[in-house]
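K.L.:
Sharing upload_25.txt below, compact mmCIF, C-alpha atoms:
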```
# COMPACT_ATOMS: atom_id res chain seq x y z
CA ILE A 18 203.17 -0.45 -18.56
CA GLU A 19 200.27 0.28 -20.92
CA ASP A 20 198.90 2.95 -18.55
CA TYR A 21 202.32 4.61 -18.51
CA ARG A 22 202.51 4.54 -22.33
CA LYS A 23 199.11 6.24 -22.59
CA TYR A 24 200.05 8.80 -19.92
CA PHE A 25 203.31 9.66 -21.68
CA ILE A 26 201.60 10.05 -25.08
CA SER A 27 198.90 12.31 -23.61
CA ARG A 28 201.57 14.43 -21.91
CA TYR A 29 203.53 14.96 -25.14
CA CYS A 30 200.68 14.53 -27.64
CA SER A 31 201.24 17.81 -29.51
CA GLU A 32 205.00 17.26 -29.81
CA ILE A 33 204.44 13.70 -31.08
CA LYS A 34 201.86 14.84 -33.66
CA ASN A 35 204.38 17.33 -35.04
CA VAL A 36 206.77 14.55 -36.14
CA LEU A 37 204.17 12.10 -37.48
CA PRO A 38 204.07 10.25 -39.75
CA LEU A 39 207.47 8.61 -39.21
CA THR A 40 209.24 5.37 -40.01
CA THR A 41 210.97 3.66 -37.08
CA SER A 42 214.39 1.99 -37.16
CA TYR A 43 212.51 -1.30 -37.72
CA GLY A 44 210.85 0.03 -40.88
CA GLU A 45 207.40 0.43 -39.30
CA LYS A 46 205.33 3.47 -40.34
CA VAL A 47 203.53 5.28 -37.51
CA THR A 48 200.80 7.78 -38.34
CA SER A 49 198.79 8.21 -35.10
CA PRO A 50 199.94 9.09 -31.54
CA GLU A 51 197.78 6.22 -30.21
CA ASP A 52 199.95 3.75 -32.19
CA VAL A 53 203.27 5.02 -30.80
CA GLU A 54 204.98 2.32 -28.72
CA LEU A 55 207.58 2.84 -25.96
CA GLY A 56 210.39 1.80 -28.28
CA THR A 57 209.29 4.39 -30.84
CA LEU A 58 209.32 7.10 -28.16
CA ILE A 59 212.90 6.11 -27.29
CA TYR A 60 213.70 6.29 -31.01
CA MET A 61 212.20 9.79 -31.26
CA VAL A 62 214.23 11.01 -28.29
CA GLY A 63 217.39 9.55 -29.82
CA LYS A 64 216.70 11.33 -33.13
CA GLY A 65 216.18 14.63 -31.30
CA THR A 66 212.55 15.01 -32.41
CA LEU A 67 211.16 14.67 -28.87
CA ASN A 68 212.73 16.61 -26.01
CA ILE A 69 212.22 15.27 -22.49
CA SER A 70 214.12 15.51 -19.21
CA SER A 71 216.87 13.02 -18.38
CA ARG A 72 214.76 11.65 -15.50
CA GLU A 73 211.79 11.09 -17.84
CA TYR A 74 214.08 9.34 -20.31
CA ILE A 75 215.39 6.98 -17.62
CA GLU A 76 211.82 6.19 -16.53
CA LEU A 77 210.71 5.69 -20.14
CA ASP A 78 213.67 3.36 -20.78
CA ARG A 79 212.85 1.30 -17.68
CA TYR A 80 209.25 0.79 -18.78
CA ARG A 81 210.45 -0.13 -22.28
CA ASN A 82 212.86 -2.71 -20.83
CA ALA A 83 210.15 -4.10 -18.55
CA ARG A 84 207.78 -4.46 -21.49
CA ASN A 85 210.47 -6.24 -23.52
CA LYS A 86 211.09 -8.67 -20.66
CA LEU A 87 207.40 -9.48 -20.36
CA ALA A 88 207.11 -10.01 -24.13
CA HIS A 89 210.16 -12.31 -24.05
CA MET A 90 208.73 -14.31 -21.14
CA LYS A 91 205.37 -14.68 -22.94
CA LEU A 92 207.10 -15.77 -26.16
CA LEU A 93 209.03 -18.48 -24.33
CA ASP A 94 206.08 -19.37 -22.08
CA ILE A 95 208.07 -18.44 -18.97
CA ASP A 96 206.02 -17.99 -15.81
CA GLU A 97 208.79 -16.74 -13.53
CA LEU A 98 211.74 -14.40 -13.71
CA ASP A 99 214.96 -15.55 -15.32
CA ILE A 100 217.63 -15.48 -12.61
CA ILE A 101 221.22 -15.49 -13.85
CA LEU A 102 222.93 -15.31 -10.43
CA LYS A 103 221.79 -16.34 -6.97
CA THR A 104 223.54 -16.45 -3.62
CA ASP A 105 222.27 -18.33 -0.59
CA ALA A 106 223.56 -17.19 2.80
CA ILE A 107 227.17 -16.63 1.72
CA CYS A 108 229.63 -15.59 4.44
CA LYS A 109 233.23 -14.41 4.52
CA LYS A 110 235.58 -13.83 7.45
CA PHE A 111 238.93 -12.07 7.66
CA LYS A 112 241.02 -12.65 10.81
CA GLY A 113 237.97 -13.87 12.69
CA GLN A 114 235.83 -10.87 11.74
CA MET A 115 232.65 -11.49 9.75
CA VAL A 116 232.84 -9.20 6.69
CA VAL A 117 229.89 -10.66 4.75
CA ASN A 118 227.17 -12.27 6.83
CA ASN A 119 224.52 -14.64 5.38
CA LEU A 120 224.05 -12.60 2.21
CA SER A 121 221.37 -13.82 -0.22
CA LEU A 122 220.80 -12.19 -3.62
CA GLU A 123 218.85 -12.89 -6.80
CA ILE A 124 219.93 -11.09 -9.97
CA GLU A 125 217.59 -11.02 -12.99
CA ARG A 126 219.09 -11.67 -16.40
CA ASN A 127 219.65 -8.59 -18.59
CA SER A 128 219.14 -6.20 -15.70
CA ILE A 129 221.34 -3.77 -13.77
CA TYR A 130 221.77 -4.42 -10.04
CA GLY A 131 223.30 -1.72 -7.85
CA LEU A 132 224.90 -2.80 -4.56
CA LEU A 133 224.89 0.16 -2.19
CA GLY A 134 226.63 0.56 1.12
CA PRO A 135 228.96 2.80 3.13
CA ASN A 136 232.72 2.29 3.04
CA GLY A 137 233.69 -1.00 4.69
CA ALA A 138 230.18 -2.46 4.34
CA GLY A 139 231.36 -5.59 2.50
CA LYS A 140 230.53 -4.56 -1.08
CA SER A 141 233.94 -5.30 -2.61
CA THR A 142 234.27 -8.58 -0.73
CA THR A 143 230.85 -9.64 -2.02
CA LEU A 144 231.72 -8.80 -5.62
CA LYS A 145 235.07 -10.59 -5.35
CA MET A 146 233.22 -13.75 -4.27
CA LEU A 147 230.82 -13.39 -7.21
CA ALA A 148 233.79 -12.91 -9.56
CA GLY A 149 235.60 -16.01 -8.28
CA MET A 150 238.43 -14.02 -6.68
CA LEU A 151 237.50 -15.08 -3.15
CA LYS A 152 235.91 -18.29 -1.88
CA PRO A 153 232.94 -17.97 0.51
CA ALA A 154 233.50 -19.43 3.97
CA SER A 155 229.99 -20.86 3.76
CA GLY A 156 226.85 -20.58 1.68
CA LEU A 157 226.15 -21.22 -2.00
CA ILE A 158 226.54 -19.28 -5.26
CA GLU A 159 224.48 -20.39 -8.28
CA PHE A 160 225.09 -19.27 -11.86
CA ASN A 161 222.60 -19.99 -14.63
CA GLY A 162 220.73 -22.41 -12.37
CA HIS A 163 223.68 -24.56 -11.26
CA LYS A 164 226.26 -24.44 -8.48
CA TRP A 165 229.00 -22.00 -9.44
CA LYS A 166 232.13 -23.60 -10.92
CA ARG A 167 235.43 -22.29 -12.27
CA GLY A 168 234.26 -22.77 -15.85
CA ASP A 169 231.64 -20.06 -15.28
CA LEU A 170 234.44 -17.49 -15.32
CA THR A 171 234.36 -17.67 -19.14
CA LYS A 172 230.87 -16.14 -18.97
CA THR A 173 231.80 -13.52 -16.38
CA GLY A 174 233.65 -10.25 -16.89
CA ALA A 175 234.89 -8.20 -13.95
CA LEU A 176 236.51 -4.86 -13.22
CA ILE A 177 237.56 -4.89 -9.57
CA GLU A 178 239.47 -1.88 -8.20
CA MET A 179 241.83 -0.31 -10.82
CA PRO A 180 241.50 -1.03 -14.58
CA PRO A 181 244.19 -3.62 -15.54
CA VAL A 182 245.65 -1.68 -18.47
CA TYR A 183 249.18 -1.36 -19.84
CA GLY A 184 249.96 2.35 -19.78
CA ASN A 185 252.53 2.12 -22.58
CA LEU A 186 250.06 0.52 -25.00
CA SER A 187 247.14 1.99 -26.94
CA ALA A 188 243.56 0.87 -26.34
CA GLU A 189 243.69 -1.44 -29.35
CA GLU A 190 247.05 -2.88 -28.27
CA ASN A 191 245.73 -3.57 -24.76
CA LEU A 192 242.81 -5.45 -26.27
CA GLU A 193 245.11 -7.31 -28.66
CA VAL A 194 246.98 -8.78 -25.66
CA LYS A 195 243.68 -10.06 -24.25
CA ARG A 196 242.56 -11.31 -27.66
CA LEU A 197 245.70 -13.40 -28.11
CA VAL A 198 245.32 -14.95 -24.65
CA LEU A 199 241.68 -15.87 -25.32
CA GLY A 200 242.20 -16.87 -28.96
CA LEU A 201 239.45 -14.56 -30.22
CA PRO A 202 238.96 -13.23 -33.78
CA LYS A 203 240.53 -9.87 -34.60
CA LYS A 204 237.15 -8.25 -35.25
CA ARG A 205 236.25 -8.55 -31.55
CA ILE A 206 238.61 -5.66 -30.75
CA ARG A 207 236.65 -3.28 -32.96
CA GLU A 208 233.35 -4.53 -31.55
CA VAL A 209 234.22 -3.78 -27.92
CA LEU A 210 235.85 -0.45 -28.80
CA GLU A 211 232.55 0.58 -30.38
CA ILE A 212 230.57 -0.60 -27.33
CA VAL A 213 232.67 1.54 -24.93
CA ASN A 214 233.08 4.42 -27.43
CA LEU A 215 236.87 4.33 -27.67
CA THR A 216 237.25 3.89 -31.44
CA GLY A 217 238.76 7.36 -31.86
CA THR A 218 241.74 6.98 -29.52
CA GLY A 219 244.12 5.80 -32.26
CA ARG A 220 247.75 5.36 -31.13
CA LYS A 221 247.31 7.35 -27.91
CA LYS A 222 248.83 5.48 -24.96
CA ALA A 223 246.47 4.32 -22.24
CA GLY A 224 248.71 5.97 -19.66
CA ASN A 225 247.62 9.34 -21.10
CA PHE A 226 243.89 8.51 -20.93
CA SER A 227 241.57 10.29 -18.53
CA MET A 228 240.29 8.21 -15.61
CA GLY A 229 236.95 7.79 -17.37
CA MET A 230 238.64 6.51 -20.52
CA LYS A 231 240.72 4.07 -18.48
CA GLN A 232 237.55 2.78 -16.81
CA ARG A 233 235.91 2.26 -20.20
CA LEU A 234 239.01 0.47 -21.47
CA GLY A 235 238.89 -1.75 -18.38
CA ILE A 236 235.26 -2.56 -19.19
CA ALA A 237 236.23 -3.27 -22.81
CA LEU A 238 238.80 -5.80 -21.57
CA ALA A 239 236.13 -7.40 -19.38
CA LEU A 240 233.76 -7.62 -22.38
CA MET A 241 236.23 -9.28 -24.76
CA ASP A 242 234.99 -12.84 -24.16
CA LYS A 243 231.31 -11.84 -24.57
CA PRO A 244 230.33 -12.41 -20.92
CA GLU A 245 226.75 -12.87 -19.78
CA LEU A 246 227.54 -11.17 -16.46
CA LEU A 247 229.65 -8.04 -15.84
CA ILE A 248 230.79 -7.17 -12.30
CA LEU A 249 231.99 -3.61 -11.62
CA ASP A 250 233.41 -2.52 -8.25
CA GLU A 251 232.95 1.22 -7.58
CA PRO A 252 233.29 2.12 -11.30
CA LEU A 253 232.47 5.80 -10.66
CA ASN A 254 235.34 6.47 -8.24
CA GLY A 255 237.63 9.26 -9.38
CA LEU A 256 235.54 10.25 -12.41
CA ASP A 257 234.66 13.82 -13.33
CA PRO A 258 231.03 14.69 -14.26
CA LEU A 259 231.62 13.95 -17.95
CA GLY A 260 233.21 10.59 -17.16
CA ILE A 261 230.30 9.71 -14.89
CA GLN A 262 227.78 10.56 -17.61
CA GLU A 263 229.66 8.50 -20.21
CA LEU A 264 229.90 5.51 -17.90
CA ARG A 265 226.23 5.85 -16.99
CA GLU A 266 225.20 5.72 -20.65
CA LEU A 267 227.52 2.77 -21.30
CA THR A 268 226.15 0.81 -18.34
CA ARG A 269 222.54 1.41 -19.37
CA SER A 270 223.31 0.10 -22.87
CA LEU A 271 224.76 -3.25 -21.77
CA PRO A 272 221.52 -5.18 -21.03
CA GLY A 273 220.60 -4.50 -24.66
CA GLU A 274 223.76 -6.43 -25.58
CA GLY A 275 222.59 -9.39 -23.47
CA ILE A 276 224.84 -8.50 -20.52
CA THR A 277 223.66 -8.44 -16.91
CA VAL A 278 225.47 -5.85 -14.78
CA ILE A 279 226.20 -5.85 -11.04
CA PHE A 280 227.98 -2.79 -9.73
CA SER A 281 228.78 -1.38 -6.31
CA SER A 282 228.68 2.27 -5.32
CA HIS A 283 228.03 4.67 -2.47
CA ILE A 284 226.81 7.46 -4.83
CA LEU A 285 223.06 7.22 -4.35
CA SER A 286 222.02 9.59 -7.13
CA GLU A 287 223.92 7.64 -9.78
CA VAL A 288 222.60 4.26 -8.65
CA GLU A 289 219.07 5.69 -8.75
CA GLN A 290 219.56 6.73 -12.39
CA VAL A 291 221.17 3.50 -13.60
CA ALA A 292 219.99 0.48 -11.63
CA ASP A 293 216.80 -1.56 -12.12
CA HIS A 294 217.20 -3.18 -8.69
CA ILE A 295 219.27 -2.32 -5.64
CA GLY A 296 220.67 -4.03 -2.60
CA ILE A 297 221.76 -2.06 0.48
CA ILE A 298 224.45 -3.67 2.59
CA ALA A 299 225.75 -2.47 5.96
CA GLY A 300 228.09 -4.29 8.31
CA GLY A 301 228.17 -7.24 5.91
CA VAL A 302 224.38 -7.71 6.18
CA LEU A 303 221.94 -7.15 3.33
CA GLY A 304 219.31 -4.84 4.79
CA TYR A 305 217.25 -4.28 1.63
CA SER A 306 216.93 -5.77 -1.84
CA GLY A 307 214.33 -4.88 -4.45
CA ARG A 308 213.26 -2.55 -7.24
CA ILE A 309 213.83 1.18 -7.02
CA ASN A 310 210.54 2.93 -6.30
CA GLN A 311 210.63 6.42 -7.83
CA GLU A 312 208.11 7.65 -5.25
CA ASP A 313 210.33 6.73 -2.29
CA SER A 314 213.49 8.47 -1.10
CA LEU A 315 216.52 6.27 -1.73
CA GLU A 316 218.55 8.40 0.69
CA GLU A 317 216.04 7.81 3.49
CA LEU A 318 215.96 4.06 2.78
CA PHE A 319 219.76 3.91 2.72
CA MET A 320 220.13 5.79 6.00
CA GLN A 321 217.45 3.63 7.65
CA VAL A 322 219.27 0.41 6.71
CA VAL A 323 222.64 1.77 7.89
CA MET A 324 221.26 3.10 11.19
CA ASP A 325 219.35 -0.12 11.91
CA ASN A 326 222.56 -2.09 11.37
CA ARG A 327 224.50 0.17 13.72
CA LYS A 328 221.85 -0.25 16.41
CA GLU A 329 222.03 -4.04 16.07
CA MET A 330 225.83 -3.98 16.24
CA ALA A 331 225.73 -1.77 19.36
CA ALA A 332 223.29 -4.16 21.02
CA CYS A 333 225.59 -7.17 20.49
```
Before anything else, please render the file you have as structure tokens.
P.N.:
Amino acid sequence: IEDYRKYFISRYCSEIKNVLPLTTSYGEKVTSPEDVELGTLIYMVGKGTLNISSREYIELDRYRNARNKLAHMKLLDIDELDIILKTDAICKKFKGQMVVNNLSLEIERNSIYGLLGPNGAGKSTTLKMLAGMLKPASGLIEFNGHKWKRGDLTKTGALIEMPPVYGNLSAEENLEVKRLVLGLPKKRIREVLEIVNLTGTGRKKAGNFSMGMKQRLGIALALMDKPELLILDEPLNGLDPLGIQELRELTRSLPGEGITVIFSSHILSEVEQVADHIGIIAGGVLGYSGRINQEDSLEELFMQVVMDNRKEMAAC
């Protein structure tokens, strides 16, 4: 992380010098490029004083998040990663057919996990089990270090398939229905509208929203009860390029709110830009799970996992 910080500063040294000295959002005064931290670089990009490519920004943000995690672990004297969700060999059958087969995952707290796979791979079934909508035929799901129980649903938000919105109600009115059910304070509506950037929709009915706006409203509904874990099933489906970009930015912001995100997709380029870790599932079997390595081709890894699964299925 420190080597990357030094590399980035040397690469953009002249641009950084042009905006020094500066005062960060935390009130710290920075006068020398050597004293610029990763968070300050993010701040400079956000203020428009440092122009970098979107890919460089994503990489910079990942290193910043990794540094923050290490600092948090050191502060709390934690020697191992903080796992919010773990599955141990979970299985699910439909009409005698194995749809999810001995799937084991570990999801780090305050991270983004992308579950990749072709259509019919078992992604949605897996997420429905994690969201409590389906019961595994066998195996174990752990949440926050204990065996999953129904009470854990209060700490889990989910958007599975279509956003559950009332088309004849505004965004605020949709959230008011959820607020009344949960018994939450009125201010929570404004908070989640700000998180998903829907504060300007006014009295406009949700039925007249774009698909991207409906998706963000669905996420707002899932965030109402301040979940620790957010599960999104194919959230990019049906979105135009602008909707995809808005949802990408929203997803990347959630770990900063203390929310771990698990989402499924078959759009490799988007997963590569958003996720910290990925899992690749094919034929109900998890063929790969780990960090995204920027030097490797995600498409090649994906195709290798899928083709290996097909060969194994053909041999059975």
K.L.:
Compile the contact shell of Arg269 (chain A) as a PDB file with C-alpha atoms, in the coordinates of the input: residues with an atom at most 9 Å away, counting only C-alpha atoms, same-chain residues fewer than 6 positions apart removed.
P.N.:
```
ATOM      1  CA  ILE A 129     221.340  -3.770 -13.770  1.00  0.00           C
ATOM      2  CA  VAL A 291     221.170   3.500 -13.600  1.00  0.00           C
ATOM      3  CA  ALA A 292     219.990   0.480 -11.630  1.00  0.00           C
TER       4      ALA A 292
END
```
K.L.:
Considering only C-alpha atoms, can you say which of A:Ile107, A:Leu77, A:Met115, A:Leu133 comes closest to Met146 (chain A)?
P.N.:
A:Ile107
K.L.:
Would you mind telling me which residue in A:Leu132, A:Val182, A:Met228, A:Leu285 lies nearest to Gly304 (chain A) when using only C-alpha atoms?
P.N.:
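Nearest to Gly304 (chain A): A:Leu132.
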K.L.:
Could you pull the residues within 10 Å of Lys222 (chain A), counting only C-alpha atoms, minus those fewer than 6 positions along the same chain, as a ChimeraX atom specification?
P.N.:
/A:183-191
K.L.:
Hey, which of A:Lys328, A:Lys166, A:His283, A:Arg308 ends up closest to Asn136 (chain A)? Count only C-alpha atoms.
P.N.:
A:His283
K.L.:
With all atoms listed in the file as the atoms that count, which of A:Asn119, A:Gly149, A:Glu266, A:Glu54 lies nearest to Asp169 (chain A)?
P.N.:
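Of A:Asn119, A:Gly149, A:Glu266, A:Glu54, the one nearest Asp169 (chain A) is A:Gly149, counting all atoms listed in the file.
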K.L.:
Quick one: of A:Pro135, A:Arg196, A:Arg220, A:Phe280, who's nearest to Met324 (chain A), counting all atoms listed in the file?
P.N.:
A:Pro135
